[in-house]
Structure formats: structure tokens, C-alpha cells
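Student: This is coords.cif (mmCIF, C-alpha atoms, pLDDT in the B column; chains and numbers go by the auth columns).
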```
data_data
#
loop_
_atom_site.group_PDB
_atom_site.id
_atom_site.type_symbol
_atom_site.label_atom_id
_atom_site.label_comp_id
_atom_site.label_asym_id
_atom_site.label_seq_id
_atom_site.Cartn_x
_atom_site.Cartn_y
_atom_site.Cartn_z
_atom_site.B_iso_or_equiv
_atom_site.auth_seq_id
_atom_site.auth_asym_id
ATOM 1 C CA MET A 1 -27.159 56.764 -20.007 60.00 23 A
ATOM 2 C CA ALA A 2 -23.903 58.578 -20.643 82.00 24 A
ATOM 3 C CA ILE A 3 -23.698 62.264 -19.846 90.00 25 A
ATOM 4 C CA THR A 4 -22.187 65.044 -21.899 94.00 26 A
ATOM 5 C CA VAL A 5 -20.698 67.946 -19.972 95.00 27 A
ATOM 6 C CA SER A 6 -20.390 71.489 -21.284 94.00 28 A
ATOM 7 C CA LEU A 7 -16.687 72.298 -21.502 96.00 29 A
ATOM 8 C CA ASP A 8 -17.472 75.990 -20.882 95.00 30 A
ATOM 9 C CA ARG A 9 -19.384 75.151 -17.725 94.00 31 A
ATOM 10 C CA PHE A 10 -16.668 72.757 -16.564 96.00 32 A
ATOM 11 C CA VAL A 11 -13.999 75.445 -16.949 95.00 33 A
ATOM 12 C CA ASP A 12 -16.198 77.968 -15.130 94.00 34 A
ATOM 13 C CA GLU A 13 -16.608 75.512 -12.236 93.00 35 A
ATOM 14 C CA MET A 14 -12.862 74.815 -12.237 91.00 36 A
ATOM 15 C CA ASP A 15 -12.097 78.520 -12.006 89.00 37 A
ATOM 16 C CA LEU A 16 -13.162 78.931 -8.388 78.00 38 A
ATOM 17 C CA PRO A 17 -12.563 82.205 -6.552 67.00 39 A
ATOM 18 C CA SER A 18 -9.985 80.710 -4.182 71.00 40 A
ATOM 19 C CA GLU A 19 -8.434 77.492 -2.984 71.00 41 A
ATOM 20 C CA ASP A 20 -10.964 77.562 -0.138 78.00 42 A
ATOM 21 C CA TRP A 21 -13.571 76.155 -2.538 83.00 43 A
ATOM 22 C CA SER A 22 -13.946 72.626 -3.924 84.00 44 A
ATOM 23 C CA ALA A 23 -16.037 71.678 -6.945 90.00 45 A
ATOM 24 C CA PHE A 24 -17.288 68.220 -7.824 91.00 46 A
ATOM 25 C CA LEU A 25 -18.921 66.672 -10.882 94.00 47 A
ATOM 26 C CA ASN A 26 -21.636 64.073 -10.510 91.00 48 A
ATOM 27 C CA ARG A 27 -20.587 61.607 -13.202 91.00 49 A
ATOM 28 C CA ARG A 28 -24.124 60.150 -13.399 90.00 50 A
ATOM 29 C CA THR A 29 -26.124 63.382 -13.761 91.00 51 A
ATOM 30 C CA GLY A 30 -23.559 65.895 -15.032 92.00 52 A
ATOM 31 C CA ASP A 31 -24.421 68.267 -12.183 91.00 53 A
ATOM 32 C CA PHE A 32 -21.745 70.354 -10.491 92.00 54 A
ATOM 33 C CA VAL A 33 -21.617 70.867 -6.740 88.00 55 A
ATOM 34 C CA THR A 34 -19.423 73.394 -4.958 85.00 56 A
ATOM 35 C CA TYR A 35 -18.523 73.488 -1.288 81.00 57 A
ATOM 36 C CA THR A 36 -16.374 75.798 0.738 76.00 58 A
ATOM 37 C CA GLY A 37 -13.398 74.616 2.724 68.00 59 A
ATOM 38 C CA GLU A 38 -15.345 75.658 5.807 70.00 60 A
ATOM 39 C CA GLU A 39 -18.157 73.228 4.950 67.00 61 A
ATOM 40 C CA LEU A 40 -15.678 70.427 4.335 61.00 62 A
ATOM 41 C CA LEU A 41 -13.952 71.271 7.606 62.00 63 A
ATOM 42 C CA GLY A 42 -17.359 71.030 9.318 58.00 64 A
ATOM 43 C CA ILE A 43 -17.480 67.347 8.475 54.00 65 A
ATOM 44 C CA GLU A 44 -14.050 66.761 10.014 55.00 66 A
ATOM 45 C CA ILE A 45 -15.063 68.619 13.157 49.00 67 A
ATOM 46 C CA GLU A 46 -18.318 66.647 13.457 50.00 68 A
ATOM 47 C CA GLU A 47 -16.448 63.373 12.927 53.00 69 A
ATOM 48 C CA GLU A 48 -14.098 64.320 15.766 53.00 70 A
ATOM 49 C CA GLY A 49 -17.093 64.979 18.018 51.00 71 A
ATOM 50 C CA ASN A 50 -16.430 68.709 18.404 52.00 72 A
ATOM 51 C CA GLN A 51 -19.821 70.418 18.674 51.00 73 A
ATOM 52 C CA GLU A 52 -18.518 73.880 19.607 47.00 74 A
ATOM 53 C CA GLU A 53 -18.387 75.140 16.032 50.00 75 A
ATOM 54 C CA ASP A 54 -21.499 76.609 14.426 50.00 76 A
ATOM 55 C CA TRP A 55 -21.898 74.533 11.255 48.00 77 A
ATOM 56 C CA ASP A 56 -24.922 74.146 9.031 55.00 78 A
ATOM 57 C CA GLU A 57 -25.743 70.668 10.288 57.00 79 A
ATOM 58 C CA GLU A 58 -28.408 70.132 7.621 60.00 80 A
ATOM 59 C CA SER A 59 -25.850 70.172 4.809 62.00 81 A
ATOM 60 C CA ILE A 60 -23.412 67.800 6.528 65.00 82 A
ATOM 61 C CA PRO A 61 -25.249 64.517 5.760 71.00 83 A
ATOM 62 C CA GLU A 62 -25.638 65.545 2.107 73.00 84 A
ATOM 63 C CA LEU A 63 -21.962 66.460 1.870 75.00 85 A
ATOM 64 C CA GLU A 64 -20.860 63.264 3.649 77.00 86 A
ATOM 65 C CA ALA A 65 -22.938 61.153 1.256 77.00 87 A
ATOM 66 C CA MET A 66 -21.433 62.968 -1.703 78.00 88 A
ATOM 67 C CA LEU A 67 -17.859 62.464 -0.489 78.00 89 A
ATOM 68 C CA GLU A 68 -18.492 58.750 0.112 82.00 90 A
ATOM 69 C CA SER A 69 -20.133 58.253 -3.295 83.00 91 A
ATOM 70 C CA GLU A 70 -18.140 57.164 -6.330 87.00 92 A
ATOM 71 C CA ASP A 71 -20.504 59.293 -8.439 89.00 93 A
ATOM 72 C CA PHE A 72 -18.832 62.558 -7.428 90.00 94 A
ATOM 73 C CA LEU A 73 -15.420 63.406 -8.780 93.00 95 A
ATOM 74 C CA PRO A 74 -13.415 66.384 -7.499 91.00 96 A
ATOM 75 C CA LEU A 75 -12.506 68.815 -10.266 93.00 97 A
ATOM 76 C CA PRO A 76 -8.873 69.839 -10.689 93.00 98 A
ATOM 77 C CA THR A 77 -7.723 71.979 -7.802 86.00 99 A
ATOM 78 C CA LYS A 78 -5.675 75.182 -7.928 85.00 100 A
ATOM 79 C CA PHE A 79 -2.640 73.036 -7.094 85.00 101 A
ATOM 80 C CA GLU A 80 -3.282 70.768 -10.097 88.00 102 A
ATOM 81 C CA ILE A 81 -3.950 73.751 -12.352 92.00 103 A
ATOM 82 C CA HIS A 82 -0.795 75.570 -11.208 93.00 104 A
ATOM 83 C CA GLU A 83 -1.660 79.011 -12.521 93.00 105 A
ATOM 84 C CA TRP A 84 1.879 80.319 -11.970 95.00 106 A
ATOM 85 C CA SER A 85 3.106 77.905 -14.674 96.00 107 A
ATOM 86 C CA ILE A 86 0.383 79.173 -16.999 97.00 108 A
ATOM 87 C CA MET A 87 1.555 82.739 -16.370 97.00 109 A
ATOM 88 C CA ASP A 88 5.148 81.706 -17.045 97.00 110 A
ATOM 89 C CA ARG A 89 4.220 80.078 -20.366 98.00 111 A
ATOM 90 C CA PHE A 90 2.149 83.143 -21.312 98.00 112 A
ATOM 91 C CA CYS A 91 5.207 85.350 -20.811 98.00 113 A
ATOM 92 C CA ASP A 92 7.012 83.291 -23.465 97.00 114 A
ATOM 93 C CA THR A 93 4.273 84.058 -26.013 97.00 115 A
ATOM 94 C CA ILE A 94 4.946 87.806 -25.958 97.00 116 A
ATOM 95 C CA PRO A 95 6.954 88.696 -29.086 96.00 117 A
ATOM 96 C CA ASP A 96 8.571 91.861 -27.687 96.00 118 A
ATOM 97 C CA ALA A 97 11.702 90.757 -25.793 97.00 119 A
ATOM 98 C CA ARG A 98 11.601 93.650 -23.293 96.00 120 A
ATOM 99 C CA ALA A 99 7.926 93.103 -22.501 96.00 121 A
ATOM 100 C CA GLN A 100 8.578 89.381 -22.153 97.00 122 A
ATOM 101 C CA GLU A 101 11.427 90.020 -19.713 97.00 123 A
ATOM 102 C CA GLU A 102 9.302 92.484 -17.728 97.00 124 A
ATOM 103 C CA LEU A 103 6.520 89.917 -17.434 97.00 125 A
ATOM 104 C CA HIS A 104 8.942 87.199 -16.344 97.00 126 A
ATOM 105 C CA ASN A 105 10.306 89.555 -13.688 96.00 127 A
ATOM 106 C CA ALA A 106 6.766 90.348 -12.546 97.00 128 A
ATOM 107 C CA ILE A 107 6.074 86.719 -11.648 97.00 129 A
ATOM 108 C CA ARG A 108 9.192 86.275 -9.543 95.00 130 A
ATOM 109 C CA GLY A 109 9.004 86.749 -5.806 92.00 131 A
ATOM 110 C CA THR A 110 6.412 87.933 -3.348 93.00 132 A
ATOM 111 C CA GLY A 111 3.164 89.280 -4.769 94.00 133 A
ATOM 112 C CA ALA A 112 3.718 87.663 -8.178 95.00 134 A
ATOM 113 C CA PHE A 113 0.029 87.342 -9.035 94.00 135 A
ATOM 114 C CA ARG A 114 -0.774 90.946 -8.151 96.00 136 A
ATOM 115 C CA ILE A 115 2.320 92.326 -9.875 97.00 137 A
ATOM 116 C CA PHE A 116 1.620 90.224 -12.976 97.00 138 A
ATOM 117 C CA ARG A 117 -1.977 91.494 -13.082 97.00 139 A
ATOM 118 C CA ASP A 118 -0.777 95.106 -12.721 97.00 140 A
ATOM 119 C CA THR A 119 1.840 94.596 -15.445 98.00 141 A
ATOM 120 C CA ILE A 120 -0.538 93.089 -18.016 98.00 142 A
ATOM 121 C CA ASN A 121 -3.015 95.895 -17.295 98.00 143 A
ATOM 122 C CA ARG A 122 -0.326 98.545 -17.809 97.00 144 A
ATOM 123 C CA MET A 123 0.834 96.846 -21.016 97.00 145 A
ATOM 124 C CA GLY A 124 -2.734 96.602 -22.289 97.00 146 A
ATOM 125 C CA ILE A 125 -2.518 92.841 -22.876 97.00 147 A
ATOM 126 C CA GLU A 126 -5.030 91.619 -20.319 97.00 148 A
ATOM 127 C CA ASP A 127 -7.382 90.342 -23.056 97.00 149 A
ATOM 128 C CA SER A 128 -4.553 88.251 -24.498 97.00 150 A
ATOM 129 C CA TRP A 129 -3.790 86.918 -21.032 98.00 151 A
ATOM 130 C CA PHE A 130 -7.401 85.957 -20.312 97.00 152 A
ATOM 131 C CA ARG A 131 -7.731 84.182 -23.682 97.00 153 A
ATOM 132 C CA TYR A 132 -4.472 82.316 -23.047 98.00 154 A
ATOM 133 C CA ARG A 133 -5.506 81.421 -19.489 97.00 155 A
ATOM 134 C CA ARG A 134 -8.929 80.207 -20.636 96.00 156 A
ATOM 135 C CA GLN A 135 -7.319 78.005 -23.273 96.00 157 A
ATOM 136 C CA ALA A 136 -4.936 76.535 -20.681 97.00 158 A
ATOM 137 C CA PHE A 137 -7.884 75.793 -18.371 97.00 159 A
ATOM 138 C CA GLU A 138 -9.758 74.174 -21.277 96.00 160 A
ATOM 139 C CA THR A 139 -6.757 71.948 -22.006 96.00 161 A
ATOM 140 C CA ILE A 140 -6.622 70.826 -18.366 96.00 162 A
ATOM 141 C CA ALA A 141 -10.404 70.241 -18.370 96.00 163 A
ATOM 142 C CA VAL A 142 -10.302 68.169 -21.579 96.00 164 A
ATOM 143 C CA GLN A 143 -7.488 66.007 -20.218 96.00 165 A
ATOM 144 C CA TRP A 144 -9.415 65.486 -16.958 96.00 166 A
ATOM 145 C CA LEU A 145 -12.693 64.652 -18.733 96.00 167 A
ATOM 146 C CA GLU A 146 -10.997 62.230 -21.121 95.00 168 A
ATOM 147 C CA ARG A 147 -9.088 60.569 -18.267 95.00 169 A
ATOM 148 C CA HIS A 148 -12.426 59.946 -16.524 94.00 170 A
ATOM 149 C CA GLY A 149 -14.198 58.836 -19.714 94.00 171 A
ATOM 150 C CA ILE A 150 -16.691 61.710 -19.657 94.00 172 A
ATOM 151 C CA ALA A 151 -17.976 63.149 -22.930 95.00 173 A
ATOM 152 C CA TYR A 152 -17.927 66.903 -23.345 96.00 174 A
ATOM 153 C CA GLU A 153 -19.417 69.482 -25.636 93.00 175 A
ATOM 154 C CA ASP A 154 -17.217 72.316 -26.822 88.00 176 A
ATOM 155 C CA ARG A 155 -19.521 75.054 -28.118 73.00 177 A
ATOM 156 C CA ALA A 156 -16.614 77.151 -29.437 63.00 178 A
ATOM 157 C CA LEU A 157 -15.380 74.209 -31.496 54.00 179 A
ATOM 158 C CA ALA A 158 -18.911 73.546 -32.768 45.00 180 A
ATOM 159 C CA ARG A 159 -19.262 77.236 -33.781 43.00 181 A
ATOM 160 C CA ASP A 160 -15.907 77.173 -35.578 43.00 182 A
ATOM 161 C CA THR A 161 -16.871 73.990 -37.448 38.00 183 A
ATOM 162 C CA GLN A 162 -20.216 75.475 -38.540 40.00 184 A
ATOM 163 C CA HIS A 163 -18.542 78.620 -39.908 40.00 185 A
ATOM 164 C CA ALA A 164 -15.816 76.761 -41.813 43.00 186 A
#
```
Can you dump the structure from the file as C-alpha cells?

Tutor:
Amino acid sequence: MAITVSLDRFVDEMDLPSEDWSAFLNRRTGDFVTYTGEELLGIEIEEEGNQEEDWDEESIPELEAMLESEDFLPLPTKFEIHEWSIMDRFCDTIPDARAQEELHNAIRGTGAFRIFRDTINRMGIEDSWFRYRRQAFETIAVQWLERHGIAYEDRALARDTQHA
């Protein structure tokens, strides 16, 4: 039986708090599983025979089985998403040339993410940014799901179609 994944849920799972987390989709059940980098590192340490670390040994067999299974697919990582590029493209959508230049300057150099966040807050365009970012994540998710032959449900699209 083919599964249908909620696009909203997929994007939420993709949008992990840091690159220290990894999310997987079970292509048979549609369930999402998330592990920390520390848990994944625990497997490597156990495989190397190092017992000095204090890992939750009960979760290791489950995690090992998941990683060896073809049923679990890793969701796009922060490196595949490349949020800096999304920020750069967002800057180009701002109609005011000075604001656009200020945003482009904000994402150059050290602390780009923090400075960008401060700048969009000061400009009062954080809602526009979050809508743009969400749409970019949805595009990445749709491409990933289609590449893996997994059906998805887009509630926003269904709502728009019903109201048309």
C-alpha cells in the first residue's frame, strides 16, 4: 500500500533546530524518526568497541536497524537546503533598492544569520521572510518526495482549490 505524506509535516521535520539532528522518513509507514548527532555518534563509538561513553544502549539496536534498512530515507540536511542561498534569493525579492542592498550586506561575513534576522526584524519584514522561507522549504520537500516516488498531500493547495 502506497503512503501519502503530509507536506506540512515533512517541512516541519526538515526544519530541524540544528545540523546536530537527523530526520528520516519510513517509506513504508510514512512515519518520521529523528535522532541527534550524539545518538548517531553512539553507534560509531559502539562499533569501534569504545565503551567509555555513556550512551543509551537500548536505542542503539533500533537505530542500527533503521540505518541498515532501505525503508528509512534521510530527509534533506541543512547542507542540502542551504539556507544562506534562500536568504540571498529573498533579498532579491525586496522592491526597495536600499533595503535590498542592506539585506544583501547583512548576509555577508561573520554572523550572517544573526545579522540577517536582526535586519528583517528592524525592517518589519520577518513575516515576509518566514513565508518565503517556508515556500523554499516546500519546494525542496516536493522535489525530494517526487524524486523518491512518494505521494504527498498539500493541505494549503487543497484549501486554495476548494475556495476557487

Student: Which residue out of A:Ser91, A:Thr99, A:Asn127, A:Thr115 has the minimum interatomic distance to Trp166 in chain A when only C-alpha atoms are used?

Tutor: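 Of the candidates, the smallest distance to Trp166 in chain A is held by A:Thr99.
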
Student: Care to translate the PyMOL selection byres ((chain A and resi 24-30) around 7) into actual residues of this file, as a list of chain:residue names?

Tutor: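 Going through the file, the PyMOL selection byres ((chain A and resi 24-30) around 7) ends up selecting A:Met23, A:Arg31, A:Phe32, A:Val33, A:Asp34, A:Arg50, A:Thr51, A:Gly52, A:Ile172, A:Ala173, A:Tyr174, A:Glu175, A:Asp176.
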
Student: Running the PyMOL selection byres ((chain A and resi 148-163) around 12) on this model by hand, what would come out? Give it as JSON, numbers by chain.

Tutor: {"A": [27, 28, 29, 30, 31, 32, 33, 34, 35, 36, 37, 38, 47, 96, 97, 98, 99, 100, 102, 103, 104, 105, 106, 107, 108, 109, 110, 111, 112, 113, 114, 115, 116, 125, 138, 139, 140, 141, 142, 143, 144, 145, 146, 147, 164, 165, 166, 167, 168, 169, 170, 172, 173, 174, 175, 176, 177, 178, 179]}

Student: Go ahead and compute the interatomic distance for CA of Thr58 in chain A and CA of Glu90 in chain A, in Å to one decimal.

Tutor: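 Rounded to one decimal, the two atoms are 17.2 Å apart.
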